[in-house]
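Peer 1: Pasting final39.txt here (compact mmCIF, C-alpha atoms):
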```txt
# COMPACT_ATOMS: atom_id res chain seq x y z
CA MET A 1 -55.48 -49.21 -12.96
CA LYS A 2 -52.40 -48.91 -15.19
CA LEU A 3 -49.55 -51.11 -14.08
CA GLN A 4 -46.02 -51.44 -15.34
CA TYR A 5 -45.58 -54.89 -16.84
CA GLY A 6 -42.37 -56.88 -16.97
CA LYS A 7 -40.53 -58.04 -20.07
CA ALA A 8 -42.00 -60.88 -22.07
CA GLY A 9 -40.52 -64.21 -21.04
CA PHE A 10 -42.72 -66.15 -23.44
CA GLU A 11 -44.36 -65.10 -26.70
CA HIS A 12 -46.38 -67.19 -29.11
CA VAL A 13 -48.77 -66.75 -32.03
CA MET A 14 -51.74 -69.12 -31.96
CA GLN A 15 -52.59 -69.80 -35.58
CA PRO A 16 -56.12 -70.89 -36.53
CA VAL A 17 -57.16 -73.25 -35.07
CA SER A 18 -54.72 -74.00 -32.30
CA GLY A 19 -54.08 -73.20 -28.67
CA LYS A 20 -51.33 -73.12 -26.09
CA ALA A 21 -50.97 -74.30 -22.52
CA VAL A 22 -48.52 -72.02 -20.75
CA PRO A 23 -47.44 -71.72 -17.11
CA VAL A 24 -48.00 -68.31 -15.55
CA LYS A 25 -46.50 -67.86 -12.11
CA ALA A 26 -48.07 -65.72 -9.37
CA GLY A 27 -47.38 -62.05 -10.11
CA GLU A 28 -46.81 -62.65 -13.84
CA THR A 29 -49.25 -61.42 -16.47
CA LEU A 30 -50.78 -63.15 -19.47
CA HIS A 31 -51.43 -60.86 -22.44
CA ILE A 32 -53.83 -62.01 -25.17
CA THR A 33 -53.90 -59.87 -28.32
CA LEU A 34 -56.06 -59.91 -31.46
CA LEU A 35 -53.48 -59.73 -34.25
CA GLU A 36 -55.80 -59.31 -37.25
CA GLY A 37 -59.31 -58.68 -35.96
CA PRO A 38 -62.30 -60.22 -34.23
CA GLN A 39 -61.64 -63.68 -32.84
CA CYS A 40 -63.18 -65.55 -29.95
CA VAL A 41 -60.60 -66.95 -27.53
CA ASP A 42 -61.67 -69.76 -25.20
CA PHE A 43 -59.83 -70.13 -21.92
CA ASN A 44 -59.14 -72.90 -19.38
CA CYS A 45 -57.04 -72.59 -16.22
CA PHE A 46 -55.50 -75.12 -13.81
CA ASN A 47 -53.49 -74.85 -10.61
CA LEU A 48 -49.98 -75.65 -11.89
CA HIS A 49 -49.27 -77.79 -8.83
CA ASP A 50 -52.63 -79.61 -8.67
CA TYR A 51 -54.68 -79.99 -11.83
CA GLY A 52 -57.68 -81.03 -9.70
CA GLU A 53 -58.06 -77.38 -8.78
CA ALA A 54 -59.36 -75.79 -11.97
CA MET A 55 -61.31 -72.69 -12.94
CA SER A 56 -65.04 -72.75 -12.17
CA VAL A 57 -66.95 -70.74 -14.75
CA GLY A 58 -70.17 -71.54 -12.88
CA HIS A 59 -68.94 -69.80 -9.75
CA MET A 60 -67.57 -66.87 -11.74
CA ARG A 61 -71.09 -66.47 -13.16
CA ARG A 62 -72.36 -65.49 -9.69
CA THR A 63 -71.19 -61.92 -10.33
CA GLY A 64 -72.70 -61.76 -13.82
CA PHE A 65 -72.57 -63.42 -17.20
CA ARG A 66 -69.66 -61.25 -18.32
CA CYS A 67 -66.33 -60.30 -16.79
CA ARG A 68 -64.99 -56.81 -16.24
CA PRO A 69 -61.65 -55.38 -15.13
CA GLY A 70 -61.19 -56.70 -11.58
CA SER A 71 -63.17 -59.91 -12.17
CA ILE A 72 -61.55 -62.89 -10.52
CA VAL A 73 -60.93 -66.25 -12.17
CA TRP A 74 -62.03 -68.56 -9.32
CA SER A 75 -61.09 -72.16 -8.78
CA LYS A 76 -63.86 -74.62 -8.04
CA PRO A 77 -64.91 -75.45 -4.48
CA PRO A 78 -63.88 -76.80 -2.09
CA CYS A 79 -60.72 -74.85 -2.87
CA TYR A 80 -62.48 -71.73 -4.23
CA ARG A 81 -59.36 -69.64 -4.50
CA PRO A 82 -58.52 -66.67 -6.74
CA MET A 83 -56.44 -67.98 -9.68
CA MET A 84 -56.17 -64.88 -11.86
CA VAL A 85 -57.68 -61.41 -12.17
CA PHE A 86 -58.59 -59.35 -15.23
CA LEU A 87 -56.39 -56.28 -15.18
CA GLU A 88 -57.27 -55.01 -18.66
CA LEU A 89 -60.35 -55.72 -20.73
CA PRO A 90 -61.13 -53.41 -23.69
CA PRO A 91 -64.73 -52.06 -23.60
CA ASN A 92 -65.48 -53.69 -26.97
CA CYS A 93 -64.33 -57.10 -25.71
CA SER A 94 -67.43 -58.98 -24.64
CA THR A 95 -66.65 -61.93 -22.42
CA ASP A 96 -68.99 -64.83 -21.91
CA LEU A 97 -69.55 -67.17 -19.00
CA LEU A 98 -72.64 -68.88 -20.42
CA ALA A 99 -71.70 -70.71 -23.58
CA ALA A 100 -70.27 -74.17 -23.17
CA ARG A 101 -67.21 -74.94 -25.28
CA CYS A 102 -68.00 -76.14 -28.78
CA HIS A 103 -67.33 -79.80 -29.57
CA ALA A 104 -67.25 -82.08 -32.60
CA THR A 105 -70.65 -83.73 -32.07
CA GLN A 106 -72.28 -80.32 -31.91
CA PHE A 107 -71.22 -79.50 -35.47
CA GLU A 108 -72.27 -82.92 -36.68
CA LYS A 109 -75.67 -82.87 -34.91
CA GLU A 110 -76.68 -79.22 -35.15
CA ARG A 111 -74.86 -78.02 -38.26
CA GLY A 112 -74.86 -81.16 -40.35
CA TYR A 113 -71.10 -81.06 -40.76
CA PRO A 114 -70.09 -84.38 -42.31
CA GLY A 115 -66.79 -85.00 -40.59
CA LEU A 116 -64.54 -83.49 -37.95
CA HIS A 117 -64.87 -79.72 -37.67
CA THR A 118 -62.43 -77.68 -35.62
CA ASN A 119 -63.80 -77.33 -32.08
CA CYS A 120 -62.73 -76.06 -28.68
CA GLN A 121 -62.99 -79.39 -26.86
CA ASP A 122 -60.43 -80.99 -29.18
CA THR A 123 -58.21 -77.91 -29.29
CA PHE A 124 -58.11 -77.71 -25.49
CA SER A 125 -57.41 -81.45 -25.34
CA GLU A 126 -54.40 -81.16 -27.65
CA ALA A 127 -53.07 -78.07 -25.87
CA ILE A 128 -53.25 -79.54 -22.34
CA GLY A 129 -51.87 -82.82 -23.68
CA GLU A 130 -48.46 -81.13 -23.58
CA TYR A 131 -48.79 -81.25 -19.78
CA GLY A 132 -50.09 -84.79 -19.57
CA LEU A 133 -53.76 -83.95 -19.16
CA SER A 134 -56.40 -85.93 -21.03
CA PRO A 135 -59.54 -84.72 -22.87
CA TYR A 136 -61.48 -85.51 -19.69
CA GLU A 137 -59.69 -82.68 -17.90
CA VAL A 138 -60.98 -79.98 -20.29
CA HIS A 139 -63.48 -77.88 -18.34
CA ASP A 140 -66.10 -75.23 -19.11
CA SER A 141 -64.50 -72.29 -20.83
CA LEU A 142 -64.35 -68.61 -20.12
CA ASN A 143 -64.95 -67.11 -23.56
CA ILE A 144 -63.12 -63.91 -24.39
CA TRP A 145 -64.35 -61.80 -27.33
CA MET A 146 -67.64 -63.71 -27.50
CA ASN A 147 -70.72 -61.54 -27.90
CA THR A 148 -73.28 -63.91 -26.46
CA GLY A 149 -76.88 -62.81 -26.02
CA TRP A 150 -79.85 -64.12 -24.12
CA ASP A 151 -83.50 -63.13 -23.73
CA ASP A 152 -85.45 -62.42 -20.55
CA ALA A 153 -86.62 -66.03 -20.44
CA GLY A 154 -83.06 -67.24 -20.34
CA ASN A 155 -82.97 -68.52 -23.91
CA PHE A 156 -79.61 -68.44 -25.59
CA ILE A 157 -79.77 -66.27 -28.72
CA PRO A 158 -79.00 -68.61 -31.63
CA ASN A 159 -75.74 -68.02 -33.44
CA VAL A 160 -74.73 -65.31 -30.92
CA ARG A 161 -74.13 -61.70 -31.98
CA ARG A 162 -71.33 -60.45 -34.20
CA ASN A 163 -67.93 -60.30 -32.59
CA THR A 164 -66.96 -56.74 -31.65
CA GLY A 165 -63.24 -57.37 -31.19
CA ARG A 166 -60.75 -55.14 -33.00
CA LYS A 167 -57.22 -55.67 -34.24
CA GLY A 168 -54.80 -54.76 -31.45
CA ASP A 169 -57.24 -55.41 -28.59
CA THR A 170 -55.33 -56.83 -25.64
CA VAL A 171 -56.70 -58.54 -22.55
CA VAL A 172 -54.38 -58.78 -19.54
CA LEU A 173 -54.78 -61.37 -16.80
CA LEU A 174 -52.63 -61.36 -13.66
CA ALA A 175 -51.85 -64.71 -12.04
CA LEU A 176 -52.65 -64.79 -8.30
CA MET A 177 -51.27 -68.34 -7.98
CA ASP A 178 -49.08 -70.48 -10.21
CA VAL A 179 -51.37 -71.62 -13.01
CA LEU A 180 -51.36 -73.46 -16.29
CA ALA A 181 -53.25 -70.98 -18.49
CA VAL A 182 -54.79 -72.35 -21.68
CA PRO A 183 -55.99 -69.81 -24.24
CA ILE A 184 -57.13 -71.22 -27.59
CA VAL A 185 -58.48 -69.93 -30.91
CA CYS A 186 -62.19 -70.86 -30.95
CA GLY A 187 -62.98 -73.59 -33.47
CA SER A 188 -66.50 -72.44 -34.32
CA GLY A 189 -65.42 -69.15 -35.84
CA ASP A 190 -65.92 -69.97 -39.50
CA VAL A 191 -69.47 -71.29 -39.12
CA SER A 192 -70.95 -68.74 -36.73
CA ASN A 193 -70.93 -65.13 -35.60
CA THR A 194 -68.67 -66.18 -32.75
CA SER A 195 -65.75 -64.89 -34.82
CA ASN A 196 -67.79 -63.38 -37.68
CA TYR A 197 -67.50 -66.41 -39.95
CA TRP A 198 -63.72 -66.36 -40.08
CA THR A 199 -60.80 -67.35 -37.94
CA ARG A 200 -57.74 -65.29 -37.14
CA PRO A 201 -54.41 -65.63 -35.31
CA VAL A 202 -54.06 -64.49 -31.72
CA GLY A 203 -50.87 -63.45 -29.94
CA ILE A 204 -50.09 -64.42 -26.37
CA ALA A 205 -47.29 -63.31 -24.09
CA VAL A 206 -46.35 -64.01 -20.49
CA ARG A 207 -44.63 -61.05 -18.86
CA GLU A 208 -42.47 -61.16 -15.77
CA ALA A 209 -43.72 -59.93 -12.41
CA THR A 210 -43.02 -56.34 -11.41
CA ASP A 211 -43.26 -54.53 -8.08
CA GLY A 212 -46.67 -53.31 -9.19
CA THR A 213 -48.08 -56.71 -10.16
CA ARG A 214 -46.64 -58.27 -7.00
CA ALA A 215 -48.32 -55.59 -4.88
CA VAL A 216 -51.69 -56.15 -6.56
CA THR A 217 -51.28 -59.90 -6.11
CA LYS A 218 -50.54 -59.50 -2.44
CA LYS A 219 -53.52 -57.20 -1.83
CA LEU A 220 -55.98 -59.39 -3.71
CA LEU A 221 -54.76 -62.53 -1.97
CA ALA A 222 -55.25 -60.78 1.37
CA ARG A 223 -58.80 -59.93 0.33
CA HIS A 224 -59.79 -63.27 -1.16
CA THR A 225 -57.87 -65.96 0.75
CA GLY A 226 -57.44 -67.02 4.33
CA PHE A 227 -60.96 -68.38 4.76
CA VAL A 228 -61.04 -71.56 6.82
CA ASN A 229 -63.29 -73.25 4.28
CA GLN A 230 -60.93 -72.80 1.35
CA ARG A 231 -59.87 -76.42 1.64
CA THR A 232 -56.85 -78.26 0.37
CA PRO A 233 -56.66 -81.98 -0.54
CA ASP A 234 -55.08 -82.90 2.79
CA GLN A 235 -58.39 -81.93 4.39
CA PHE A 236 -60.53 -84.13 2.14
CA HIS A 237 -62.23 -87.13 3.80
CA VAL A 238 -61.58 -89.08 0.59
CA PRO A 239 -58.28 -88.16 -1.05
CA PRO A 240 -57.99 -87.60 -4.82
CA ARG A 241 -57.33 -90.83 -6.74
CA ASP A 242 -54.25 -89.46 -8.47
CA PRO A 243 -51.50 -88.65 -5.93
CA ASP A 244 -49.33 -86.83 -8.52
CA ARG A 245 -51.29 -83.87 -9.81
CA ALA A 246 -48.49 -81.40 -10.53
CA LEU A 247 -48.34 -80.32 -14.17
CA ARG A 248 -45.14 -80.55 -16.19
CA PRO A 249 -44.34 -80.89 -19.90
CA THR A 250 -44.38 -84.47 -21.18
CA GLY A 251 -43.00 -83.93 -24.68
CA TYR A 252 -46.38 -84.57 -26.32
CA LYS A 253 -46.80 -82.66 -29.61
CA PRO A 254 -50.36 -81.36 -30.10
CA GLN A 255 -52.20 -82.61 -33.16
CA PHE A 256 -54.78 -79.91 -33.74
CA VAL A 257 -57.83 -80.75 -35.86
CA ASN A 258 -57.62 -79.72 -39.55
CA PHE A 259 -54.43 -77.81 -38.83
CA PRO A 260 -53.29 -75.76 -40.61
CA LEU A 261 -56.71 -74.69 -41.75
CA LYS A 262 -56.93 -74.73 -45.55
CA ILE A 263 -58.20 -71.60 -47.28
CA ARG A 264 -59.52 -71.28 -50.84
CA GLU A 265 -60.17 -68.06 -52.71
CA LEU A 266 -63.13 -67.71 -55.05
CA GLU A 267 -63.21 -65.00 -57.71
CA LEU A 268 -66.71 -63.65 -58.18
CA GLU A 269 -68.33 -61.13 -60.51
CA LEU A 270 -70.86 -58.77 -58.97
CA SER A 271 -72.97 -56.04 -60.51
CA GLU A 272 -72.65 -52.45 -59.35
CA GLU A 273 -75.92 -52.85 -57.45
CA GLU A 274 -74.65 -55.99 -55.72
CA MET A 275 -71.45 -54.19 -54.73
CA LYS A 276 -73.57 -51.41 -53.23
CA GLY A 277 -75.36 -54.10 -51.24
CA LEU A 278 -72.03 -55.11 -49.74
CA ASP A 279 -71.25 -51.52 -48.82
CA ARG A 280 -74.63 -51.28 -47.10
CA LEU A 281 -73.87 -54.42 -45.13
CA VAL A 282 -70.57 -52.90 -43.99
CA LYS A 283 -72.38 -49.70 -42.97
CA ILE A 284 -74.84 -51.59 -40.77
CA GLY A 285 -72.05 -53.54 -39.11
CA GLN A 286 -72.45 -56.83 -40.95
CA GLY A 287 -68.88 -56.88 -42.25
CA GLU A 288 -65.50 -55.22 -41.86
CA ASP A 289 -65.10 -54.86 -45.63
CA ARG A 290 -66.69 -56.16 -48.83
CA GLU A 291 -65.07 -59.59 -48.62
CA ASP A 292 -66.05 -60.03 -44.98
CA ALA A 293 -69.60 -58.82 -45.68
CA PHE A 294 -70.02 -61.22 -48.61
CA ARG A 295 -68.68 -64.23 -46.70
CA SER A 296 -70.80 -63.36 -43.65
CA ALA A 297 -73.93 -62.97 -45.80
CA VAL A 298 -73.47 -66.35 -47.48
CA MET A 299 -72.66 -68.21 -44.26
CA THR A 300 -75.44 -66.44 -42.30
CA TRP A 301 -77.96 -67.51 -44.95
CA TYR A 302 -76.64 -71.05 -44.80
CA THR A 303 -76.81 -71.11 -41.00
CA ARG A 304 -80.37 -69.80 -40.88
CA ASN A 305 -81.71 -71.97 -43.68
CA ARG A 306 -79.75 -75.21 -43.62
CA THR A 307 -78.83 -75.92 -40.01
CA ARG A 308 -80.87 -76.98 -36.99
CA GLN A 309 -78.73 -74.99 -34.55
CA ILE A 310 -80.01 -75.23 -30.97
CA LEU A 311 -83.51 -76.67 -30.74
CA PRO A 312 -85.39 -76.96 -27.44
CA GLU A 313 -85.45 -80.58 -26.34
CA SER A 314 -88.79 -82.30 -25.80
CA LEU A 315 -90.52 -85.63 -25.18
CA ASP A 316 -92.52 -85.61 -28.42
CA ILE A 317 -92.00 -89.31 -28.94
CA ASP A 318 -94.29 -92.36 -28.89
CA ALA A 319 -93.56 -94.47 -25.81
CA MET B 1 -69.52 -56.16 -63.54
CA GLN B 2 -66.80 -55.95 -60.91
CA LYS B 3 -64.59 -58.69 -59.56
CA LEU B 4 -64.50 -59.61 -55.88
CA LYS B 5 -62.14 -62.13 -54.34
CA VAL B 6 -63.54 -63.91 -51.30
CA ARG B 7 -61.67 -66.44 -49.15
CA PHE B 8 -63.47 -69.36 -47.59
CA THR B 9 -62.14 -72.03 -45.29
CA GLU B 10 -62.27 -75.58 -46.63
CA GLN B 11 -64.67 -76.28 -43.76
CA GLN B 12 -67.05 -73.62 -45.06
CA LEU B 13 -66.78 -75.04 -48.55
CA VAL B 14 -67.71 -78.50 -47.24
CA LEU B 15 -71.04 -76.98 -46.19
CA LEU B 16 -71.49 -74.86 -49.33
CA ASN B 17 -70.81 -77.94 -51.44
CA LYS B 18 -74.01 -79.36 -49.96
CA LEU B 19 -75.87 -76.47 -51.62
CA LEU B 20 -74.03 -77.24 -54.84
CA ALA B 21 -75.27 -80.82 -54.58
CA GLU B 22 -78.84 -79.62 -54.13
CA GLY B 23 -78.58 -78.24 -57.65
CA THR B 24 -80.90 -75.26 -57.20
CA PHE B 25 -78.36 -72.55 -56.50
CA GLY B 26 -75.98 -73.07 -59.37
CA LYS B 27 -73.56 -75.42 -61.05
CA THR B 28 -70.36 -74.06 -59.54
CA LEU B 29 -69.38 -72.90 -56.06
CA GLU B 30 -69.06 -69.37 -57.44
CA GLU B 31 -72.64 -69.45 -58.74
CA VAL B 32 -73.90 -70.93 -55.48
CA CYS B 33 -72.24 -68.20 -53.40
CA LEU B 34 -73.53 -65.41 -55.63
CA ASN B 35 -77.09 -66.72 -55.63
CA VAL B 36 -77.08 -67.22 -51.87
CA TYR B 37 -75.77 -63.68 -51.43
CA ARG B 38 -78.55 -62.39 -53.70
CA GLU B 39 -81.16 -64.29 -51.72
CA TYR B 40 -79.77 -62.99 -48.42
CA THR B 41 -79.83 -59.35 -49.54
CA ARG B 42 -83.21 -59.75 -51.25
CA VAL B 43 -84.75 -60.77 -47.93
CA LEU B 44 -82.75 -58.26 -45.88
CA PHE B 45 -83.22 -55.20 -48.08
CA GLY B 46 -86.14 -56.26 -50.27
CA MET B 47 -88.91 -54.79 -48.16
CA GLU B 48 -87.37 -51.33 -47.91
CA ARG B 49 -88.71 -48.29 -49.75
CA GLU B 50 -86.21 -46.10 -51.49
```
The structure in this file should be written as structure tokens.

Peer 2:
Amino acid sequence: MKLQYGKAGFEHVMQPVSGKAVPVKAGETLHITLLEGPQCVDFNCFNLHDYGEAMSVGHMRRTGFRCRPGSIVWSKPPCYRPMMVFLELPPNCSTDLLAARCHATQFEKERGYPGLHTNCQDTFSEAIGEYGLSPYEVHDSLNIWMNTGWDDAGNFIPNVRRNTGRKGDTVVLLALMDVLAVPIVCGSGDVSNTSNYWTRPVGIAVREATDGTRAVTKKLLARHTGFVNQRTPDQFHVPPRDPDRALRPTGYKPQFVNFPLKIRELELELSEEEMKGLDRLVKIGQGEDREDAFRSAVMTWYTRNRTRQILPESLDIDA
Amino acid sequence: MQKLKVRFTEQQLVLLNKLLAEGTFGKTLEEVCLNVYREYTRVLFGMERE
């Protein structure tokens, strides 16, 4: 389906590692673009008029562990309403509905990071803070450009697979209700394959509704709403504690972790043979270029040999 | 020998500095990175026959 999109009413570049909470009204489209290359983008979504109704990744998982064009972003029951729909999803953009958002303790516990590493929990928290939401309101993320893998026993493949995103890739989501969309640059990128051991800026734009997007919205709402069990808070036996759940800017300025991310360049001397090794790594898909291949090699070795990563939990303790 | 410039985030260097502290991979970050790269490719390509 190729739709005509409206003009951009909002445009923003999310620098590493930051994010942005942005209202997208029904019929409008959110465009997320890789500006420099592979980069995992985590995503949260709230009903703009009731933050209690948020995206449910668990329920989206019922149609598979990955999204495809046409996949619906569902809100959690008892509402269970279509919030957005994927209109465009490049074939090389793997999405993920399995991996929980990364968080600071994870890097401390599993990677031995001695301090506060950039992470999606904190980035989401800062982004939604602009609309008065607290870190408690961050929910499981839909991960875009995340090449997760799993085996037939359901084990998560450690360190995921290399990111297959490409510069210029654009994902388009159409809002089916008024939402607060929250895309963020994933904070784990520089210590895992999630973003190929680097972190890159991502462009976002909200485009105005057109006749085409309005028509799709209307048809999908007809298909996916109108069920008597799609409940609203006035039907709850126990009402929500917070009577004012509409989202609006509060003036809070996000304080993203380690932002802006500091970069240092090392100058190295390699033999001709070692340079050929880099070229071989590029040929087998372990790097975009020599620099990327070298950095990925070093950080992959470190990850495999100096971090615990995800270990199965057990009761091997003396009671 | 050929020169190669490689950028690292400060967060990555925090971890690589732990290898520097171990003392077995080199006395500078540059040496550490080169020796880790050599070890990585030795394991990855070392068993192949030309």

Peer 1: Between CA of Arg295 in chain A and CA of His117 in chain A, what is the distance, to one decimal in Å?

Peer 2: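 Separating CA of Arg295 in chain A from CA of His117 in chain A is a distance of 18.3 Å.
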
Peer 1: For chain A, list the residues within 8 Å of chain B, counting all atoms listed in the file, and write the list as a PyMOL selection string.

Peer 2: chain A and resi 113+117+190-191+198+261-272+274-275+277+291-292+294-295+297-299+301-302

Peer 1: If you count all atoms listed in the file, which residues fall within 9 Å of Lys109 in chain A, apart from same-chain ones fewer than 4 positions away, as a ChimeraX atom specification?

Peer 2: /A:104-105,113,308-309

Peer 1: Calculate how many Å separate CA of Ala100 in chain A from CA of Ile72 in chain A, rounding to one decimal.

Peer 2: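 Distance reported for this atom pair: 19.1 Å.
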
Peer 1: Taking into account all atoms listed in the file, which residue in the set A:Ile128, A:Ile204, A:Ala246, A:Val160 is nearest to Leu173 in chain A?

Peer 2: A:Ile204

Peer 1: What is the CA of Gly212 in chain A-CA of Tyr5 in chain A distance in Å, reported with one decimal?

Peer 2: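 Calculated distance between CA of Gly212 in chain A and CA of Tyr5 in chain A is 7.9 Å.
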
Peer 1: Given the point (-63.9, -57.2, -18.3) in the file's coordinates, find the residues that have an atom at most 8 Å from it, counting all atoms listed in the file, and give them as a list in words.

Peer 2: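 Residues with an atom close enough to that point: Arg66, Cys67, Arg68, Pro69, Gly70, Ser71, Phe86, Glu88, Leu89, Pro90, Pro91, Cys93, Ser94 and Thr95 of chain A.
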
Peer 1: At a cut-off of 12 Å, using only C-alpha atoms, what residues contact Thr225 in chain A? Leave out same-chain residues fewer than 2 positions from it and give the result as a VMD selection string.

Peer 2: chain A and resid 74 to 75 79 to 83 176 to 177 217 to 223 227 to 231

Peer 1: Keeping C-alpha atoms for every residue in the selection just given, could you write it to a file as a compact mmCIF listing (two decimals), in the frame of the given file?

Peer 2:
```txt
# COMPACT_ATOMS: atom_id res chain seq x y z
CA TRP A 74 -62.03 -68.56 -9.32
CA SER A 75 -61.09 -72.16 -8.78
CA CYS A 79 -60.72 -74.85 -2.87
CA TYR A 80 -62.48 -71.73 -4.23
CA ARG A 81 -59.36 -69.64 -4.50
CA PRO A 82 -58.52 -66.67 -6.74
CA MET A 83 -56.44 -67.98 -9.68
CA LEU A 176 -52.65 -64.79 -8.30
CA MET A 177 -51.27 -68.34 -7.98
CA THR A 217 -51.28 -59.90 -6.11
CA LYS A 218 -50.54 -59.50 -2.44
CA LYS A 219 -53.52 -57.20 -1.83
CA LEU A 220 -55.98 -59.39 -3.71
CA LEU A 221 -54.76 -62.53 -1.97
CA ALA A 222 -55.25 -60.78 1.37
CA ARG A 223 -58.80 -59.93 0.33
CA PHE A 227 -60.96 -68.38 4.76
CA VAL A 228 -61.04 -71.56 6.82
CA ASN A 229 -63.29 -73.25 4.28
CA GLN A 230 -60.93 -72.80 1.35
CA ARG A 231 -59.87 -76.42 1.64
```

Peer 1: Using only C-alpha atoms, which protein or nucleic acid residues come within 7 Å of Gly165 in chain A? Drop anything in the same chain fewer than 3 positions from it, and give the result as a PyMOL selection string.

Peer 2: chain A and resi 37-39+92-93+145+169

Peer 1: Quick one: residues within 7 Å of Phe65 in chain A, only C-alpha atoms, excluding same-chain residues fewer than 3 positions away - as a ChimeraX atom specification?

Peer 2: /A:61,96-98

Peer 1: Generate the coordinates of N, CA and C atoms for range 202-220 of chain A; report them as a short mmCIF file (atom, residue, chain, number, x, y, z; two decimals), in the frame of the given file.

Peer 2:
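Ended up saving to result_0.cif:
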```
data_model
loop_
_atom_site.label_atom_id
_atom_site.label_comp_id
_atom_site.auth_asym_id
_atom_site.auth_seq_id
_atom_site.Cartn_x
_atom_site.Cartn_y
_atom_site.Cartn_z
N VAL A 202 -54.03 -65.23 -32.99
CA VAL A 202 -54.06 -64.49 -31.72
C VAL A 202 -52.68 -64.59 -31.07
N GLY A 203 -52.18 -63.46 -30.59
CA GLY A 203 -50.87 -63.45 -29.94
C GLY A 203 -51.02 -63.60 -28.43
N ILE A 204 -50.11 -64.36 -27.83
CA ILE A 204 -50.09 -64.42 -26.37
C ILE A 204 -48.67 -64.15 -25.87
N ALA A 205 -48.59 -63.57 -24.71
CA ALA A 205 -47.29 -63.31 -24.09
C ALA A 205 -47.43 -63.45 -22.57
N VAL A 206 -46.41 -63.98 -21.96
CA VAL A 206 -46.35 -64.01 -20.49
C VAL A 206 -45.24 -63.04 -20.09
N ARG A 207 -45.60 -62.07 -19.28
CA ARG A 207 -44.63 -61.05 -18.86
C ARG A 207 -44.25 -61.24 -17.40
N GLU A 208 -43.02 -60.94 -17.12
CA GLU A 208 -42.47 -61.16 -15.77
C GLU A 208 -43.18 -60.28 -14.74
N ALA A 209 -43.13 -60.71 -13.51
CA ALA A 209 -43.72 -59.93 -12.41
C ALA A 209 -42.94 -58.63 -12.21
N THR A 210 -43.65 -57.61 -11.77
CA THR A 210 -43.02 -56.34 -11.41
C THR A 210 -43.44 -56.01 -9.98
N ASP A 211 -42.86 -54.94 -9.43
CA ASP A 211 -43.26 -54.53 -8.08
C ASP A 211 -44.75 -54.26 -8.05
N GLY A 212 -45.25 -53.65 -9.14
CA GLY A 212 -46.67 -53.31 -9.19
C GLY A 212 -47.55 -54.54 -9.22
N THR A 213 -47.23 -55.50 -10.07
CA THR A 213 -48.08 -56.71 -10.16
C THR A 213 -47.97 -57.54 -8.88
N ARG A 214 -46.79 -57.53 -8.28
CA ARG A 214 -46.64 -58.27 -7.00
C ARG A 214 -47.50 -57.63 -5.91
N ALA A 215 -47.54 -56.30 -5.91
CA ALA A 215 -48.32 -55.59 -4.88
C ALA A 215 -49.81 -55.87 -5.07
N VAL A 216 -50.27 -55.86 -6.31
CA VAL A 216 -51.69 -56.15 -6.56
C VAL A 216 -52.00 -57.59 -6.15
N THR A 217 -51.10 -58.49 -6.48
CA THR A 217 -51.28 -59.90 -6.11
C THR A 217 -51.42 -60.04 -4.61
N LYS A 218 -50.53 -59.40 -3.90
CA LYS A 218 -50.54 -59.50 -2.44
C LYS A 218 -51.84 -58.96 -1.85
N LYS A 219 -52.29 -57.81 -2.37
CA LYS A 219 -53.52 -57.20 -1.83
C LYS A 219 -54.75 -58.04 -2.15
N LEU A 220 -54.81 -58.58 -3.36
CA LEU A 220 -55.98 -59.39 -3.71
C LEU A 220 -55.99 -60.72 -2.96
#
```
